[in-house]
Amino acid sequence: MAVGFYLLQRLLYTVPLLVGAVVIIFVLVHIAPGNPVDYIIGDTGADKEMVARLTAEMGLDRPLYIQLLRYLMQVASGNLGYSFASNTPVVDLILDRLPATLLLMGSQLVFSASLGIGLGVVSARRPNAPLDNAITVFSLASFAIPIFWLGQLLILGLGYYLDWLPIQGMIDLRAGYTGFDRVLDIARHMVLPVLTLTLYNLALILRLTRASLLEVIGQEYIKVARSKGLSTNTVMIKHALRNALLPVVTVIGLEFRSLIAGAVLTETVFAWPGLGRLTFDAINARDYPLLMGMFVFVSLLVAIGNLITDLMYALLDPRIHYQ
Amino acid sequence: MHLTCPPTSRRRLLQMFGLAAVGGTLTPNAFAQGGKKGGTMVVALPGDVEVINSSITTDISSSNMCGQVYSTVVRLNDDGNVEPYLAKQWERSADGLTFTFRFFDNITWHDGTPFTAEDVAWSLWNINRKFNGPASGLLEAVESITAPDKLTAVFKLKYPYPPLLRGLAYFNSSTIVPKHIFDNGQDPRKNPANLKPIGTGPFIFQEYRKGGHVTFVRNPKFHIEGRPHLDRLVFQMVPNEAARALALEKGDIDFIPYYAMSLAEVERLRTNPKVKIAIAKRQIAGEYMVFINTRNAPLNKKEVRQALYYAMDRKEMLAKAGFGFGQVSAGPISSELGSFYTDQGRQYPYDPALAEKMLDEAGFPRGAGGNRFSIRLSFSQKEAPLNNTARLMRAYFAKVGVDLKVMGMDPAAWSDAAFRNWDFDLTMGTYATGPDPAIGAETFYVCRRIEKLPGRNASGYCNPKLDELFATAAQELDEQKRVTLYHEAVKILDEDVPHFWLWDRHYPVAFNAGLTGLPGDPTGYGPFDKTRWVS
């Protein structure tokens, strides 16, 4: 009951948060230099009347506050509008690209979290031992390399010279696989982008897990557990890790916001048809409705991500109660 | 079946548009014919497309796809000459005020509906003219388009306008869309056919995966017998330049069109025997050019503009920023534009000493720090060669005591600042000077085009004598007189320097060495109906 009430309360808090985000983003997007009409008409030829007509049809001839009010009313009625550039409903555009991004980002989240936590535990078992040092150097190096360059290196090494893996796209367009073969084909195409993102993202989780574990290991209840004769693995996994995971979960929760930002470069390098590229193209085209739709969507994701993170705290630590 | 055109009329048209003189294409063997039927070709695109309908957009990738699924009234052959496409014949009245086109009688839309002249009249007048920038300019001279019978369309002109015919070959302006699909009282930009096109072209639309790829399959009822040769044509979005080149080498993609080609990759690709490089002949004849804001001091002085033009080593710019793909410009009309091109105007070879002398004489001696004045240069970061061009220009200008502040901007912000607000001293980009100077070059220099719109006379340069020359040339029916008039105009511009013309672009393309019959690419968006695999 208490959790239900807490959830309802949090969801209600989300509404003003979203409205505030929409207003700020709307103003920022519209005052930024650039004109969506210019993108549509191209760089030659269009006459003044055509430009004036398109400007009016897009509602861009109205004062900014009127445009904002209209947009807020539109969003309140569940309508994110039509893209200026493609005249397709914004919701359709987002939903169309969402699966590819979720597949990519979801997979990397699973891999970077599990590998990061796993390697963090290994590191914390014998701090400053050769294995710990090796893991530290490896993770920091992969974190320090710019993600687009890391992607290029993996393309060159594993995709081009060794020719083990496809280097771009989501499917083999020439083969036209169906059924299970198609699933395998997509999996093969996912390897390089997921590996790139995983190598980049696991460092933070790994380092945080290690630091958090080392702090927890020094506490009294761990000494009690050890004095009871429990094995090192049991102490680490059952007693120390659970408490050490709280800050790690916080960081993983924050990863939701990078669903778009983090995907832009990776999707560009690997020609992955996801939301990152959609956002990038919308920025270039000054496609206000699509851009706003994406921001509303990301704001919503961040709010949901935070909510899930908070709920995870209670799961991990029974001392935390929601009222 | 043969595509025919009355010999007299055709020769006359070729003469009229100076096409016979448009030669020297660096045509590779792969543009030749031969090979086998069937197979798939994968074409790389630099990004996604919003719509597959170039009657309502000017997007290059969309135009390229429309070249496969749709048709135009006429098309350009590999040598850049106008040839039949939907129209099998055409004639122009003696006064130049009427064009009459007769269409093939065996053309059907991909949904089985017969194609008629009404499609042409309705599409161009109600869609292209209203929703496509270049088409609205092209059809400005047209008073009406009618279809007296099912296979005849008549264009009545307000004044003679020779460039019209060539303009009708362009897929970024003159794509013909089906009346029975678009004439439904709805906004054509929201028509579902924009993403599931139904055309008359050599390939039928099959699938569009947003952000991923677009697939077309062979049109067995294409009106040109025996074509196309390929069974499937796939356009794949590959945003990363380096990945495009690697994918071509791996055999994942087969063709990188000019607009997706990274100049930096060309020399490396040349060394791969599985890949061929060719220079596409593009009739739009692009030039890299710098708009000079002639309203702003000290650039309002002709002598200062001339001096700065002498200060630039454009040969080095072409080599270092353009990777050598082009020719140093001689003026506002590219050397790719045949007889319209001339280098008889004033030329500005690299001469920093002369530049210094001219700046001194113009009243801008070096100050205490050696600096004469500061000016700004803006450009879109999206156009890769411009970054290096800007750096070189800053170094050249510094040598003669001029401080150049370089501002690389995001494309939309740059367009807004340069063309909507005229907030620049110098601003640069790549622009068409063709396919006819009346379509390409004129818009940047005539007084009536001093408008706050993209691709117009942003320099603010106005010379009534030049306006008269451009106006007379655009309507002149005699080819030789047109050429002379344009040469006169070039000489005036070369003297007055409202722009710095840097270099005339050449357009490399890269493709799988097993392909043949690729379009010589006169428009850059031509159909792949002659393309086939040899191995």
# chains A, B, ... in the order shown; residues from 1 in each chain; ligands from 1
$ residues_around --residues "Val446 (chain B)" --least-positions-apart "5" --cutoff "7 Å" --atoms "only C-alpha atoms" --output "MDAnalysis selection string"
chainID B and resid 457 462 467
$ interface_residues --of "chain B" --to "chain A" --cutoff "7 Å" --atoms "only C-alpha atoms" --output "VMD selection string"
chain B and resid 40 50 to 51 57 to 58 130 132 to 134 136 to 137 189 to 190 210 to 212 237 to 240 243 411 to 413 415 to 416 454 to 455
$ write_last_selection --atoms "C-alpha atoms" --output "compact mmCIF listing (two decimals), in the first residue's frame"
# COMPACT_ATOMS: atom_id res chain seq x y z
CA THR B 40 21.31 -6.66 -56.20
CA GLU B 50 12.39 12.25 -44.70
CA VAL B 51 10.28 11.51 -47.76
CA THR B 57 11.76 18.17 -51.22
CA THR B 58 15.22 19.03 -52.50
CA LYS B 130 4.02 24.91 -55.02
CA ASN B 132 9.61 22.43 -54.45
CA GLY B 133 11.97 25.41 -54.33
CA PRO B 134 13.92 24.83 -57.56
CA SER B 136 9.01 27.15 -58.31
CA GLY B 137 11.94 29.06 -59.85
CA ARG B 189 3.07 16.60 -47.93
CA LYS B 190 0.99 14.30 -45.71
CA LYS B 210 13.53 4.30 -41.33
CA GLY B 211 17.13 5.11 -40.60
CA GLY B 212 18.16 1.80 -42.15
CA MET B 237 22.08 4.70 -44.77
CA VAL B 238 25.72 4.71 -43.66
CA PRO B 239 26.34 8.03 -41.88
CA ASN B 240 30.03 7.46 -41.15
CA ALA B 243 32.63 3.11 -42.61
CA PRO B 411 24.34 24.23 -40.95
CA ALA B 412 21.03 25.74 -39.87
CA ALA B 413 22.64 28.46 -37.76
CA SER B 415 22.20 29.56 -43.18
CA ASP B 416 20.21 31.74 -40.80
CA PRO B 454 18.95 30.88 -48.85
CA GLY B 455 21.00 30.77 -52.05
$ select_by_dssp --residues "region 258-287 of chain A" --states "alpha helix (DSSP H)" --output "VMD selection string"
chain A and resid 258 to 270 275 to 285
$ residues_around --residues "Arg70 (chain A)" --least-positions-apart "5" --cutoff "12 Å" --atoms "only C-alpha atoms" --output "mmCIF file with C-alpha atoms, in the first residue's frame"
data_model
loop_
_atom_site.group_PDB
_atom_site.id
_atom_site.type_symbol
_atom_site.label_atom_id
_atom_site.label_comp_id
_atom_site.auth_asym_id
_atom_site.auth_seq_id
_atom_site.Cartn_x
_atom_site.Cartn_y
_atom_site.Cartn_z
ATOM 1 C CA VAL A 23 8.784 24.931 -21.563
ATOM 2 C CA PHE A 26 10.752 24.733 -26.291
ATOM 3 C CA MET A 58 4.022 25.573 -39.709
ATOM 4 C CA GLY A 59 2.646 28.199 -37.350
ATOM 5 C CA LEU A 60 6.024 29.907 -37.176
ATOM 6 C CA ARG A 62 2.848 33.417 -34.565
ATOM 7 C CA PRO A 63 4.424 34.913 -31.429
ATOM 8 C CA LEU A 64 6.548 32.402 -29.508
ATOM 9 C CA TYR A 65 4.243 32.307 -26.461
ATOM 10 C CA VAL A 75 0.954 17.513 -25.826
ATOM 11 C CA ALA A 76 -1.656 17.521 -23.050
ATOM 12 C CA SER A 77 -4.079 15.903 -25.483
ATOM 13 C CA ASN A 79 -0.470 14.515 -29.581
ATOM 14 C CA LEU A 80 3.189 15.226 -30.308
ATOM 15 C CA GLY A 81 2.358 16.662 -33.731
ATOM 16 C CA PRO A 289 8.029 19.066 -33.483
#
$ residues_around --residues "region 191-196 of chain A" --least-positions-apart "3" --cutoff "8 Å" --atoms "only C-alpha atoms" --output "MDAnalysis selection string"
chainID A and resid 104:105 107:108 147 150:151 154:155 165 167 187:188 199:200 266:267 270
$ write_last_selection --atoms "C-alpha atoms" --output "short mmCIF file (atom, residue, chain, number, x, y, z; two decimals), in the first residue's frame"
data_model
loop_
_atom_site.label_atom_id
_atom_site.label_comp_id
_atom_site.auth_asym_id
_atom_site.auth_seq_id
_atom_site.Cartn_x
_atom_site.Cartn_y
_atom_site.Cartn_z
CA LEU A 104 21.40 -1.65 -28.55
CA MET A 105 21.25 0.31 -25.32
CA SER A 107 22.12 -4.99 -24.41
CA GLN A 108 25.00 -2.73 -23.55
CA ILE A 147 33.82 6.32 -28.18
CA LEU A 150 37.05 3.08 -30.17
CA GLY A 151 34.27 2.13 -32.57
CA LEU A 154 37.00 -2.21 -33.53
CA ILE A 155 35.61 -1.86 -37.05
CA LEU A 165 31.95 -9.35 -38.04
CA ILE A 167 30.82 -3.39 -39.66
CA ALA A 187 22.91 -10.50 -33.27
CA ARG A 188 26.07 -10.57 -35.42
CA LEU A 199 33.82 -1.20 -23.10
CA TYR A 200 33.12 2.49 -22.70
CA THR A 266 27.69 4.87 -31.81
CA GLU A 267 24.71 4.85 -34.16
CA PHE A 270 27.89 1.70 -37.01
#
$ closest_residue --among "B:Gly429, B:Glu287, B:Gln236, B:Trp503" --to "Met317 (chain B)" --atoms "only C-alpha atoms"
B:Trp503
$ residues_around --residues "Ser63 (chain B)" --least-positions-apart "3" --cutoff "10 Å" --atoms "only C-alpha atoms" --output "PyMOL selection string"
chain B and resi 49+51-55+57-60+66-70+170-175+523-526
$ write_last_selection --atoms "N, CA and C atoms" --output "PDB file, in the first residue's frame"
ATOM      1  N   VAL B  49      16.331   9.633 -45.182  1.00  0.00           N
ATOM      2  CA  VAL B  49      15.503  10.544 -45.982  1.00  0.00           C
ATOM      3  C   VAL B  49      14.187  10.773 -45.244  1.00  0.00           C
ATOM      4  N   VAL B  51      11.320  11.974 -46.847  1.00  0.00           N
ATOM      5  CA  VAL B  51      10.280  11.506 -47.765  1.00  0.00           C
ATOM      6  C   VAL B  51      10.957  10.991 -49.035  1.00  0.00           C
ATOM      7  N   ILE B  52      10.266  10.091 -49.737  1.00  0.00           N
ATOM      8  CA  ILE B  52      10.781   9.649 -51.044  1.00  0.00           C
ATOM      9  C   ILE B  52       9.890  10.307 -52.082  1.00  0.00           C
ATOM     10  N   ASN B  53      10.021  11.584 -52.176  1.00  0.00           N
ATOM     11  CA  ASN B  53       9.229  12.338 -53.143  1.00  0.00           C
ATOM     12  C   ASN B  53       9.921  13.666 -53.396  1.00  0.00           C
ATOM     13  N   SER B  54      10.705  13.729 -54.453  1.00  0.00           N
ATOM     14  CA  SER B  54      11.467  14.955 -54.694  1.00  0.00           C
ATOM     15  C   SER B  54      10.640  16.033 -55.376  1.00  0.00           C
ATOM     16  N   SER B  55       9.323  15.811 -55.520  1.00  0.00           N
ATOM     17  CA  SER B  55       8.496  16.927 -55.995  1.00  0.00           C
ATOM     18  C   SER B  55       8.176  17.854 -54.827  1.00  0.00           C
ATOM     19  N   THR B  57      10.531  17.951 -51.999  1.00  0.00           N
ATOM     20  CA  THR B  57      11.757  18.174 -51.221  1.00  0.00           C
ATOM     21  C   THR B  57      12.927  18.339 -52.174  1.00  0.00           C
ATOM     22  N   THR B  58      14.026  18.903 -51.661  1.00  0.00           N
ATOM     23  CA  THR B  58      15.216  19.026 -52.502  1.00  0.00           C
ATOM     24  C   THR B  58      16.343  18.158 -51.956  1.00  0.00           C
ATOM     25  N   ASP B  59      15.989  17.298 -51.009  1.00  0.00           N
ATOM     26  CA  ASP B  59      16.995  16.430 -50.413  1.00  0.00           C
ATOM     27  C   ASP B  59      17.670  15.559 -51.480  1.00  0.00           C
ATOM     28  N   ILE B  60      18.999  15.513 -51.444  1.00  0.00           N
ATOM     29  CA  ILE B  60      19.756  14.826 -52.491  1.00  0.00           C
ATOM     30  C   ILE B  60      19.467  13.325 -52.492  1.00  0.00           C
ATOM     31  N   CYS B  66      14.246   8.906 -56.013  1.00  0.00           N
ATOM     32  CA  CYS B  66      13.149   9.233 -56.935  1.00  0.00           C
ATOM     33  C   CYS B  66      13.575   8.987 -58.372  1.00  0.00           C
ATOM     34  N   GLY B  67      14.869   9.121 -58.636  1.00  0.00           N
ATOM     35  CA  GLY B  67      15.380   8.810 -59.969  1.00  0.00           C
ATOM     36  C   GLY B  67      15.148   7.353 -60.340  1.00  0.00           C
ATOM     37  N   GLN B  68      14.942   6.491 -59.352  1.00  0.00           N
ATOM     38  CA  GLN B  68      14.721   5.068 -59.624  1.00  0.00           C
ATOM     39  C   GLN B  68      13.239   4.734 -59.698  1.00  0.00           C
ATOM     40  N   VAL B  69      12.461   5.372 -58.828  1.00  0.00           N
ATOM     41  CA  VAL B  69      11.050   4.973 -58.733  1.00  0.00           C
ATOM     42  C   VAL B  69      10.138   5.867 -59.590  1.00  0.00           C
ATOM     43  N   TYR B  70      10.538   7.096 -59.776  1.00  0.00           N
ATOM     44  CA  TYR B  70       9.737   8.025 -60.593  1.00  0.00           C
ATOM     45  C   TYR B  70      10.431   8.287 -61.929  1.00  0.00           C
ATOM     46  N   TYR B 170      15.547  17.206 -64.256  1.00  0.00           N
ATOM     47  CA  TYR B 170      16.133  17.110 -62.919  1.00  0.00           C
ATOM     48  C   TYR B 170      15.190  16.500 -61.889  1.00  0.00           C
ATOM     49  N   PHE B 171      15.704  15.464 -61.224  1.00  0.00           N
ATOM     50  CA  PHE B 171      14.884  14.788 -60.235  1.00  0.00           C
ATOM     51  C   PHE B 171      14.766  15.568 -58.934  1.00  0.00           C
ATOM     52  N   ASN B 172      15.568  16.604 -58.757  1.00  0.00           N
ATOM     53  CA  ASN B 172      15.385  17.383 -57.524  1.00  0.00           C
ATOM     54  C   ASN B 172      14.386  18.511 -57.727  1.00  0.00           C
ATOM     55  N   SER B 173      13.792  18.595 -58.931  1.00  0.00           N
ATOM     56  CA  SER B 173      12.779  19.625 -59.126  1.00  0.00           C
ATOM     57  C   SER B 173      11.598  19.116 -59.938  1.00  0.00           C
ATOM     58  N   SER B 174      11.821  18.199 -60.864  1.00  0.00           N
ATOM     59  CA  SER B 174      10.807  17.943 -61.885  1.00  0.00           C
ATOM     60  C   SER B 174      10.268  16.514 -61.897  1.00  0.00           C
ATOM     61  N   THR B 175      10.364  15.824 -60.769  1.00  0.00           N
ATOM     62  CA  THR B 175       9.795  14.481 -60.650  1.00  0.00           C
ATOM     63  C   THR B 175       8.282  14.538 -60.880  1.00  0.00           C
ATOM     64  N   THR B 523      22.964  14.329 -63.841  1.00  0.00           N
ATOM     65  CA  THR B 523      22.241  15.136 -62.853  1.00  0.00           C
ATOM     66  C   THR B 523      22.693  14.782 -61.448  1.00  0.00           C
ATOM     67  N   GLY B 524      23.345  13.636 -61.325  1.00  0.00           N
ATOM     68  CA  GLY B 524      23.713  13.193 -59.983  1.00  0.00           C
ATOM     69  C   GLY B 524      22.652  12.294 -59.387  1.00  0.00           C
ATOM     70  N   TYR B 525      21.480  12.225 -60.005  1.00  0.00           N
ATOM     71  CA  TYR B 525      20.388  11.440 -59.418  1.00  0.00           C
ATOM     72  C   TYR B 525      19.776  10.471 -60.430  1.00  0.00           C
ATOM     73  N   GLY B 526      20.492  10.206 -61.514  1.00  0.00           N
ATOM     74  CA  GLY B 526      19.907   9.474 -62.627  1.00  0.00           C
ATOM     75  C   GLY B 526      19.514   8.051 -62.310  1.00  0.00           C
TER      76      GLY B 526
END
$ residues_around --residues "Asp105 (chain B)" --least-positions-apart "4" --cutoff "10 Å" --atoms "only C-alpha atoms" --output "ChimeraX atom specification"
/B:86-88,114-116,150-151,223
$ write_last_selection --atoms "C-alpha atoms" --output "JSON list (two decimals), in the first residue's frame"
[["chain", "number", "residue", "atom", "x", "y", "z"],
["B", 86, "LEU", "CA", 8.40, 9.93, -70.44],
["B", 87, "ALA", "CA", 8.23, 12.11, -73.54],
["B", 88, "LYS", "CA", 9.26, 10.49, -76.81],
["B", 114, "PRO", "CA", -2.13, 4.15, -67.12],
["B", 115, "PHE", "CA", 0.13, 7.20, -67.20],
["B", 116, "THR", "CA", -1.29, 10.22, -69.08],
["B", 150, "LYS", "CA", -3.90, 11.76, -73.09],
["B", 151, "LEU", "CA", -0.43, 11.72, -74.58],
["B", 223, "HIS", "CA", 8.47, 1.38, -70.71]]
$ residues_around --residues "Leu299 (chain B)" --least-positions-apart "4" --cutoff "12 Å" --atoms "only C-alpha atoms" --output "PyMOL selection string"
chain B and resi 291-295+303-309+359+362+364+373-376+402+424-426+459-461+496-500
$ write_last_selection --atoms "C-alpha atoms" --output "short mmCIF file (atom, residue, chain, number, x, y, z; two decimals), in the first residue's frame"
data_model
loop_
_atom_site.label_atom_id
_atom_site.label_comp_id
_atom_site.auth_asym_id
_atom_site.auth_seq_id
_atom_site.Cartn_x
_atom_site.Cartn_y
_atom_site.Cartn_z
CA PHE B 291 30.06 35.44 -50.77
CA ILE B 292 31.45 38.89 -49.94
CA ASN B 293 29.17 41.22 -48.04
CA THR B 294 29.63 44.29 -50.24
CA ARG B 295 27.61 46.41 -47.82
CA GLU B 303 39.97 47.30 -54.86
CA VAL B 304 39.99 45.63 -51.44
CA ARG B 305 38.04 42.65 -52.77
CA GLN B 306 40.41 42.35 -55.71
CA ALA B 307 43.45 42.59 -53.43
CA LEU B 308 42.17 39.82 -51.16
CA TYR B 309 41.46 37.67 -54.21
CA LEU B 359 45.56 47.33 -49.98
CA ALA B 362 43.09 51.47 -51.19
CA PHE B 364 44.42 50.34 -45.62
CA PHE B 373 41.76 45.33 -40.59
CA SER B 374 39.76 42.37 -39.30
CA ILE B 375 36.97 40.54 -41.08
CA ARG B 376 34.87 37.46 -40.33
CA VAL B 402 44.40 41.06 -42.70
CA PHE B 424 28.72 38.07 -42.30
CA ASP B 425 31.70 39.69 -43.98
CA LEU B 426 32.67 36.59 -45.92
CA SER B 459 26.41 39.83 -51.19
CA GLY B 460 24.13 42.78 -51.90
CA TYR B 461 25.96 43.39 -55.17
CA ASP B 496 33.81 43.62 -59.66
CA VAL B 497 34.43 40.50 -57.50
CA PRO B 498 31.22 40.21 -55.47
CA HIS B 499 32.39 36.64 -54.70
CA PHE B 500 35.70 34.84 -54.49
#
